[in-house]
file upload.cif (mmCIF, C-alpha atoms (C1' of nucleotides))
data_data
loop_
_atom_site.label_atom_id
_atom_site.label_comp_id
_atom_site.auth_asym_id
_atom_site.auth_seq_id
_atom_site.Cartn_x
_atom_site.Cartn_y
_atom_site.Cartn_z
CA MET A 1 69.92 40.18 89.86
CA SER A 2 69.41 37.62 92.59
CA SER A 3 69.48 38.90 96.14
CA SER A 4 70.98 42.28 96.93
CA ALA A 5 70.00 45.04 99.34
CA GLU A 6 67.97 42.98 101.74
CA LYS A 7 66.76 45.15 104.56
CA HIS A 8 66.33 42.16 106.81
CA ASP A 9 68.88 39.43 106.99
CA VAL A 10 68.37 35.89 108.17
CA PHE A 11 69.68 36.64 111.67
CA GLN A 12 67.07 39.31 112.22
CA ALA A 13 64.36 37.32 110.52
CA ILE A 14 64.62 34.40 112.90
CA ALA A 15 65.02 36.57 115.99
CA ASP A 16 61.27 36.77 116.47
CA PRO A 17 59.48 33.72 117.93
CA THR A 18 56.36 34.31 115.86
CA ARG A 19 58.43 34.23 112.69
CA ARG A 20 60.15 31.06 113.78
CA LYS A 21 56.77 29.47 114.36
CA ILE A 22 55.65 30.57 110.90
CA LEU A 23 58.70 28.93 109.38
CA ARG A 24 57.91 25.78 111.28
CA LEU A 25 54.37 25.76 109.91
CA LEU A 26 55.54 26.32 106.36
CA ALA A 27 58.00 23.48 106.73
CA GLU A 28 54.99 21.20 106.83
CA LYS A 29 53.29 22.60 103.77
CA GLU A 30 52.54 25.61 101.64
CA LEU A 31 49.85 27.73 103.28
CA PRO A 32 47.71 30.79 102.61
CA ILE A 33 48.01 33.78 104.92
CA SER A 34 44.60 33.22 106.45
CA GLU A 35 45.43 29.69 107.48
CA ILE A 36 48.77 30.71 108.92
CA THR A 37 46.95 33.37 110.90
CA SER A 38 44.58 30.80 112.36
CA HIS A 39 47.51 29.35 114.30
CA PHE A 40 48.11 32.61 116.17
CA SER A 41 46.19 35.04 118.31
CA ILE A 42 47.35 38.14 116.49
CA SER A 43 45.82 39.84 113.50
CA ARG A 44 46.15 38.76 109.91
CA THR A 45 47.83 42.08 109.13
CA ALA A 46 50.52 41.38 111.70
CA ILE A 47 51.15 37.96 110.19
CA ALA A 48 51.34 39.49 106.74
CA LYS A 49 54.04 41.85 107.99
CA HIS A 50 56.03 38.98 109.43
CA LEU A 51 55.73 37.23 106.08
CA HIS A 52 57.10 40.31 104.36
CA ILE A 53 60.10 40.28 106.63
CA LEU A 54 60.64 36.59 106.02
CA SER A 55 60.33 37.30 102.30
CA GLU A 56 62.99 39.99 102.44
CA ALA A 57 65.28 37.48 104.07
CA GLU A 58 64.25 35.05 101.31
CA LEU A 59 63.29 32.46 103.86
CA VAL A 60 59.85 32.31 102.40
CA ARG A 61 58.25 32.85 99.04
CA GLY A 62 54.70 33.74 98.18
CA ARG A 63 52.69 33.11 95.05
CA LYS A 64 49.21 34.23 94.26
CA ALA A 65 46.64 31.55 93.58
CA GLY A 66 43.24 33.01 92.92
CA ARG A 67 42.39 35.27 95.78
CA GLU A 68 44.80 33.56 98.09
CA LYS A 69 48.48 34.12 98.53
CA LEU A 70 50.29 30.92 99.26
CA TYR A 71 53.57 30.99 101.09
CA ARG A 72 56.14 28.28 101.21
CA LEU A 73 59.46 27.77 102.90
CA GLN A 74 62.73 28.61 101.20
CA PRO A 75 65.35 27.26 103.54
CA GLU A 76 68.47 28.18 101.55
CA PRO A 77 69.40 31.32 103.55
CA LEU A 78 69.68 29.13 106.63
CA THR A 79 72.93 27.84 105.22
CA GLU A 80 74.41 31.23 106.04
CA LEU A 81 73.39 30.73 109.62
CA LYS A 82 74.91 27.28 109.56
CA ARG A 83 78.19 28.62 108.24
CA TRP A 84 78.22 31.24 110.98
CA LEU A 85 77.52 28.62 113.60
CA SER A 86 80.15 26.25 112.33
CA PHE A 87 82.85 28.69 113.36
CA TYR A 88 81.81 28.35 116.98
CA GLU A 89 81.29 24.64 116.94
CA ARG A 90 84.88 23.92 117.82
CA PHE A 91 84.26 25.58 121.17
CA TRP A 92 81.81 23.01 122.37
CA ASN A 93 82.20 20.06 120.05
CA ASN A 94 84.60 18.01 122.09
CA LYS A 95 85.95 18.34 125.57
CA LEU A 96 89.51 18.53 124.39
CA SER A 97 89.09 21.59 122.20
CA LYS A 98 86.98 23.17 124.89
CA LEU A 99 89.69 22.55 127.44
CA LYS A 100 92.21 24.00 125.04
CA HIS A 101 90.10 27.10 124.59
CA VAL A 102 89.54 27.58 128.28
CA VAL A 103 93.19 27.12 129.15
CA GLU A 104 94.34 29.49 126.44
CA HIS A 105 91.91 32.16 127.49
CA ASN A 106 92.58 32.34 131.19
CA GLY A 107 89.56 30.37 132.25
CA GLU A 108 89.45 28.30 135.37
CA VAL A 109 89.92 24.58 134.94
CA GLU A 110 88.87 21.92 137.36
CA ILE A 111 90.88 18.75 137.07
CA LYS A 112 89.08 15.68 138.27
CA VAL A 113 91.14 12.57 138.61
CA ILE A 114 89.19 9.43 138.02
CA GLU A 115 90.79 6.46 139.70
CA THR A 116 90.92 3.31 137.72
CA ASP A 117 92.35 -0.11 138.23
CA VAL A 118 95.18 -0.29 135.78
CA GLU A 119 96.94 -3.51 135.14
CA GLU A 120 100.65 -2.94 135.24
CA ARG A 121 102.55 -3.30 132.03
CA ASP A 122 105.61 -5.50 131.89
CA PRO A 123 105.56 -6.52 135.54
CA MET B 1 68.84 28.61 140.06
CA SER B 2 70.69 28.37 136.80
CA SER B 3 69.16 30.18 133.87
CA SER B 4 65.50 31.07 133.92
CA ALA B 5 63.67 34.23 132.93
CA GLU B 6 66.17 35.48 130.37
CA LYS B 7 64.85 38.61 128.80
CA HIS B 8 67.02 38.05 125.76
CA ASP B 9 67.43 34.69 124.15
CA VAL B 10 70.19 33.53 121.88
CA PHE B 11 68.17 34.26 118.73
CA GLN B 12 67.75 37.88 119.66
CA ALA B 13 71.27 38.19 120.95
CA ILE B 14 72.87 37.23 117.67
CA ALA B 15 70.46 39.27 115.58
CA ASP B 16 72.61 42.38 115.91
CA PRO B 17 75.77 42.56 113.78
CA THR B 18 77.70 44.45 116.43
CA ARG B 19 77.01 41.69 118.92
CA ARG B 20 78.07 39.05 116.44
CA LYS B 21 81.32 40.92 115.94
CA ILE B 22 81.84 41.09 119.70
CA LEU B 23 81.36 37.34 119.93
CA ARG B 24 83.91 36.88 117.18
CA LEU B 25 86.41 39.01 119.06
CA LEU B 26 85.86 37.13 122.30
CA ALA B 27 86.33 33.86 120.47
CA GLU B 28 89.96 34.86 120.10
CA LYS B 29 90.54 35.78 123.69
CA GLU B 30 89.14 37.23 126.90
CA LEU B 31 89.00 41.01 126.65
CA PRO B 32 88.17 44.05 128.80
CA ILE B 33 85.36 46.35 127.71
CA SER B 34 87.69 49.15 126.72
CA GLU B 35 89.62 46.98 124.34
CA ILE B 36 86.48 45.58 122.80
CA THR B 37 85.32 49.13 122.29
CA SER B 38 88.50 50.00 120.43
CA HIS B 39 87.36 47.74 117.60
CA PHE B 40 84.22 49.77 117.00
CA SER B 41 83.27 53.35 116.27
CA ILE B 42 80.51 53.55 118.86
CA SER B 43 80.76 54.52 122.51
CA ARG B 44 82.00 52.31 125.33
CA THR B 45 78.58 52.63 126.96
CA ALA B 46 76.91 51.21 123.88
CA ILE B 47 79.33 48.29 123.86
CA ALA B 48 78.66 47.69 127.55
CA LYS B 49 74.95 47.45 126.80
CA HIS B 50 75.57 44.93 124.07
CA LEU B 51 77.64 42.94 126.54
CA HIS B 52 74.76 42.99 129.00
CA ILE B 53 72.45 41.57 126.36
CA LEU B 54 74.97 38.89 125.47
CA SER B 55 75.28 38.15 129.19
CA GLU B 56 71.54 37.70 129.56
CA ALA B 57 71.69 35.20 126.74
CA GLU B 58 74.61 33.61 128.56
CA LEU B 59 76.74 33.82 125.44
CA VAL B 60 79.30 35.77 127.36
CA ARG B 61 80.50 36.03 130.90
CA GLY B 62 82.28 38.87 132.65
CA ARG B 63 84.58 38.84 135.65
CA LYS B 64 86.08 41.79 137.42
CA ALA B 65 89.86 41.96 137.51
CA GLY B 66 91.05 45.07 139.27
CA ARG B 67 89.41 48.02 137.66
CA GLU B 68 88.78 46.10 134.48
CA LYS B 69 85.92 43.84 133.58
CA LEU B 70 87.02 40.98 131.43
CA TYR B 71 84.56 39.23 129.17
CA ARG B 72 84.90 35.86 127.62
CA LEU B 73 82.87 33.72 125.29
CA GLN B 74 80.45 31.13 126.58
CA PRO B 75 79.36 29.28 123.47
CA GLU B 76 77.04 26.75 125.06
CA PRO B 77 73.76 28.51 124.22
CA LEU B 78 74.65 28.24 120.56
CA THR B 79 73.78 24.59 120.79
CA GLU B 80 70.17 25.65 121.03
CA LEU B 81 70.57 27.45 117.73
CA LYS B 82 72.16 24.38 116.26
CA ARG B 83 69.30 22.21 117.38
CA TRP B 84 66.86 24.64 115.84
CA LEU B 85 68.80 24.67 112.61
CA SER B 86 69.10 20.92 112.43
CA PHE B 87 65.37 20.62 111.94
CA TYR B 88 65.64 22.54 108.67
CA GLU B 89 68.73 20.84 107.42
CA ARG B 90 66.82 18.09 105.74
CA PHE B 91 65.36 20.69 103.38
CA TRP B 92 68.63 21.54 101.77
CA ASN B 93 70.97 18.75 102.70
CA ASN B 94 70.57 16.55 99.68
CA LYS B 95 68.83 17.00 96.38
CA LEU B 96 66.60 14.02 96.91
CA SER B 97 64.98 15.26 100.11
CA LYS B 98 64.70 18.70 98.62
CA LEU B 99 62.99 17.30 95.56
CA LYS B 100 60.69 15.34 97.83
CA HIS B 101 59.82 18.45 99.74
CA VAL B 102 59.19 20.54 96.66
CA VAL B 103 57.04 17.90 95.02
CA GLU B 104 54.98 17.35 98.14
CA HIS B 105 54.39 21.05 98.61
CA ASN B 106 53.19 21.99 95.15
CA GLY B 107 56.41 23.56 94.02
CA GLU B 108 57.52 23.63 90.44
CA VAL B 109 60.04 21.07 89.39
CA GLU B 110 62.30 21.26 86.38
CA ILE B 111 63.43 17.92 85.11
CA LYS B 112 66.67 18.03 83.22
CA VAL B 113 67.67 14.92 81.41
CA ILE B 114 71.36 14.46 81.18
CA GLU B 115 72.32 12.26 78.28
CA THR B 116 74.98 9.73 78.95
CA ASP B 117 76.57 6.97 76.95
CA VAL B 118 75.35 3.87 78.59
CA GLU B 119 76.79 0.55 77.65
CA GLU B 120 74.01 -1.89 77.09
CA ARG B 121 73.64 -4.66 79.51
CA ASP B 122 73.35 -8.22 78.28
CA PRO B 123 73.50 -7.40 74.61
"C1'" DT C 1 97.41 61.44 148.01
"C1'" DA C 2 96.01 63.17 143.59
"C1'" DA C 3 95.46 62.38 138.78
"C1'" DA C 4 94.34 59.03 135.40
"C1'" DT C 5 91.98 54.77 134.07
"C1'" DA C 6 88.06 51.70 133.70
"C1'" DT C 7 83.70 50.96 134.49
"C1'" DA C 8 78.76 51.71 136.13
"C1'" DA C 9 74.47 54.02 136.20
"C1'" DA C 10 71.08 57.22 134.83
"C1'" DA C 11 68.64 60.28 131.81
"C1'" DC C 12 67.57 61.17 127.44
"C1'" DC C 13 66.52 60.58 122.29
"C1'" DA C 14 65.40 58.95 117.44
"C1'" DT C 15 64.21 55.02 114.99
"C1'" DT C 16 62.55 50.46 114.57
"C1'" DT C 17 59.45 46.91 115.83
"C1'" DG C 18 55.32 44.53 116.49
"C1'" DG C 19 51.04 45.35 116.91
"C1'" DT C 20 46.31 47.56 115.91
"C1'" DT C 21 42.20 49.54 113.13
"C1'" DT C 22 40.21 51.13 108.98
"C1'" DC C 23 39.40 51.25 104.13
"C1'" DA C 24 40.11 49.55 99.35
"C1'" DT C 25 40.69 45.86 95.84
"C1'" DT C 26 40.42 41.40 93.81
"C1'" DT C 27 38.23 36.99 93.23
"C1'" DC C 28 35.06 33.28 94.10
"C1'" DG C 29 30.43 31.35 94.16
"C1'" DA C 30 25.47 31.18 94.76
"C1'" DT D 1 25.68 40.21 89.63
"C1'" DC D 2 26.15 40.68 94.44
"C1'" DG D 3 27.93 39.39 98.76
"C1'" DA D 4 31.49 37.05 101.14
"C1'" DA D 5 36.32 35.86 101.38
"C1'" DA D 6 41.21 36.95 101.07
"C1'" DT D 7 44.44 40.09 100.77
"C1'" DG D 8 46.76 44.80 100.34
"C1'" DA D 9 47.77 49.29 102.04
"C1'" DA D 10 47.74 53.16 105.03
"C1'" DA D 11 47.60 55.53 109.38
"C1'" DC D 12 48.43 55.16 113.86
"C1'" DC D 13 50.52 53.68 118.52
"C1'" DA D 14 53.28 51.87 122.56
"C1'" DA D 15 57.29 49.71 123.66
"C1'" DA D 16 61.83 48.09 122.56
"C1'" DT D 17 66.29 49.05 120.51
"C1'" DG D 18 70.58 51.13 119.78
"C1'" DG D 19 72.61 55.02 120.47
"C1'" DT D 20 74.25 59.37 123.10
"C1'" DT D 21 75.90 62.46 127.12
"C1'" DT D 22 76.56 63.25 131.90
"C1'" DT D 23 77.69 62.03 136.52
"C1'" DA D 24 79.49 58.91 139.97
"C1'" DT D 25 82.56 55.14 141.82
"C1'" DA D 26 86.35 52.20 142.26
"C1'" DT D 27 91.30 51.14 141.36
"C1'" DT D 28 95.95 52.09 139.85
"C1'" DT D 29 99.94 54.50 139.78
"C1'" DA D 30 103.03 58.57 139.69
#

call {"tool": "encode", "arguments": {"input": "upload.cif", "output": "structure tokens"}}
result
Amino acid sequence: MSSSAEKHDVFQAIADPTRRKILRLLAEKELPISEITSHFSISRTAIAKHLHILSEAELVRGRKAGREKLYRLQPEPLTELKRWLSFYERFWNNKLSKLKHVVEHNGEVEIKVIETDVEERDP
Amino acid sequence: MSSSAEKHDVFQAIADPTRRKILRLLAEKELPISEITSHFSISRTAIAKHLHILSEAELVRGRKAGREKLYRLQPEPLTELKRWLSFYERFWNNKLSKLKHVVEHNGEVEIKVIETDVEERDP
DNA sequence: TAAATATAAAACCATTTGGTTTCATTTCGA
DNA sequence: TCGAAATGAAACCAAATGGTTTTATATTTA
């Protein structure tokens, strides 16, 4: 039984700036809670809660090592975010598809004619 | 003064599933609030609030047309999300960089030897 | 012009969120 | 073995979130 009723999904998990910063830290290396906490000005308990939320979203995984609990990044769920994003990419990826979108959806279009010296064909 | 103290950023804006669904609807075409509402089972007022939040994040833009207010998608802020995501892509993009990451960060690695018939070189 | 449509704005409410403090438990090390 | 270190867990709290209902305003349209 891998992954099921996750209370927090990846979208919610990354909504909080503190959690994004935690992910960024863990991207560098596996870290114990106390050391993660040292990078913030909030309590260790608060950080632990953020780690729980990240765990639920499976963006992070903790293992106990002695009296420490070491967390490391698990980036796989971010692929879901990427898939979601990819749908919208066509709207900004190139000017042509953006123009198409705008025209089709009643947007306003400004046409700017750029004058160029064109050599005449078959004079 | 374009964009500044946005109370809601793109990360927060897309955290809510209702708002994601609204974005998806507006990706198809510009729509008035009432029609957006018809796709949900919550009140028009609630939808209007979601639209305000999406507006703050500049993911959506409304214009008044008669007694209607038409909203359309503005996907540009999603590029910020994409930039954020791109940082993490190296962690899952190819097996080699993932292996590198896991090894460097004290993860466990399972080595699976796949036997292959190899023709001997220079026999 | 009066009724119907579409939205806006305000007041209110329950739950969630992001934080705190306090107390207990486990583990390391001198 | 005893104290310090690291975490876990619980109780609590203020503010934000995601809803609702009610009232008001503007715009069509019959």

call {"tool": "resolve_selection", "arguments": {"input": "upload.cif", "expression": "the PyMOL selection byres ((chain B) within 12 of (chain D))", "output": "ChimeraX atom specification"}}
result
/B:7-8,12-13,15-19,41-50,53,64-69

call {"tool": "resolve_selection", "arguments": {"input": "upload.cif", "expression": "the PyMOL selection byres ((chain C) within 12 of (chain B))", "output": "PyMOL selection string"}}
result
chain C and resi 5-10

call {"tool": "closest_atom_pairs", "arguments": {"input": "upload.cif", "of": "chain B", "to": "chain A", "cutoff": "10 Å", "atoms": "all atoms listed in the file", "output": "CSV"}}
result
residue,atom,partner,partner_atom,distance
B:Asp9,CA,A:Ala15,CA,8.7
B:Val10,CA,A:Ala15,CA,8.4
B:Phe11,CA,A:Ala15,CA,4.8
B:Gln12,CA,A:Ala15,CA,4.8
B:Ala13,CA,A:Ala15,CA,8.1
B:Ile14,CA,A:Phe11,CA,6.8
B:Ala15,CA,A:Gln12,CA,4.8
B:Asp16,CA,A:Gln12,CA,7.3
B:Pro17,CA,A:Phe11,CA,8.8
B:Arg20,CA,A:Trp84,CA,9.5
B:Leu23,CA,A:Tyr88,CA,9.5
B:Arg24,CA,A:Tyr88,CA,8.8
B:Leu26,CA,A:His105,CA,9.4
B:Ala27,CA,A:Tyr88,CA,7.9
B:Glu28,CA,A:His105,CA,8.1
B:Lys29,CA,A:His105,CA,5.4
B:Glu30,CA,A:His105,CA,5.8
B:Leu31,CA,A:His105,CA,9.4
B:Arg72,CA,A:His105,CA,7.9
B:Leu73,CA,A:Phe91,CA,9.2
B:Gln74,CA,A:Phe91,CA,8.6
B:Pro75,CA,A:Phe91,CA,6.6
B:Glu76,CA,A:Trp92,CA,6.6
B:Pro77,CA,A:Trp92,CA,9.9
B:Leu78,CA,A:Leu85,CA,7.5
B:Thr79,CA,A:Trp92,CA,8.3
B:Leu81,CA,A:Leu85,CA,8.2
B:Lys82,CA,A:Leu85,CA,7.3
B:Trp84,CA,A:Arg20,CA,9.5
B:Leu85,CA,A:Lys82,CA,7.3
B:Ser86,CA,A:Lys82,CA,9.1
B:Phe87,CA,A:Arg24,CA,9.1
B:Tyr88,CA,A:Pro75,CA,7.0
B:Glu89,CA,A:Pro75,CA,8.2
B:Arg90,CA,A:Pro75,CA,9.5
B:Phe91,CA,A:Pro75,CA,6.6
B:Trp92,CA,A:Glu76,CA,6.6
B:Asn93,CA,A:Thr79,CA,9.6
B:Lys98,CA,A:Pro75,CA,9.9
B:His101,CA,A:Lys29,CA,8.7
B:Val102,CA,A:Lys29,CA,9.5
B:Glu104,CA,A:Lys29,CA,7.9
B:His105,CA,A:Lys29,CA,5.5
B:Asn106,CA,A:Glu30,CA,7.5
B:Gly107,CA,A:Arg72,CA,8.6

call {"tool": "atom_distance", "arguments": {"input": "upload.cif", "atom1": "atom CA of Glu80 of chain A", "atom2": "atom CA of Arg83 of chain B"}}
result
15.4 Å

call {"tool": "atom_distance", "arguments": {"input": "upload.cif", "atom1": "atom CA of Leu25 of chain A", "atom2": "atom C1' of DT20 of chain C"}}
result
24.0 Å

call {"tool": "atom_distance", "arguments": {"input": "upload.cif", "atom1": "atom CA of Lys21 of chain A", "atom2": "atom CA of Ser55 of chain A"}}
result
14.8 Å
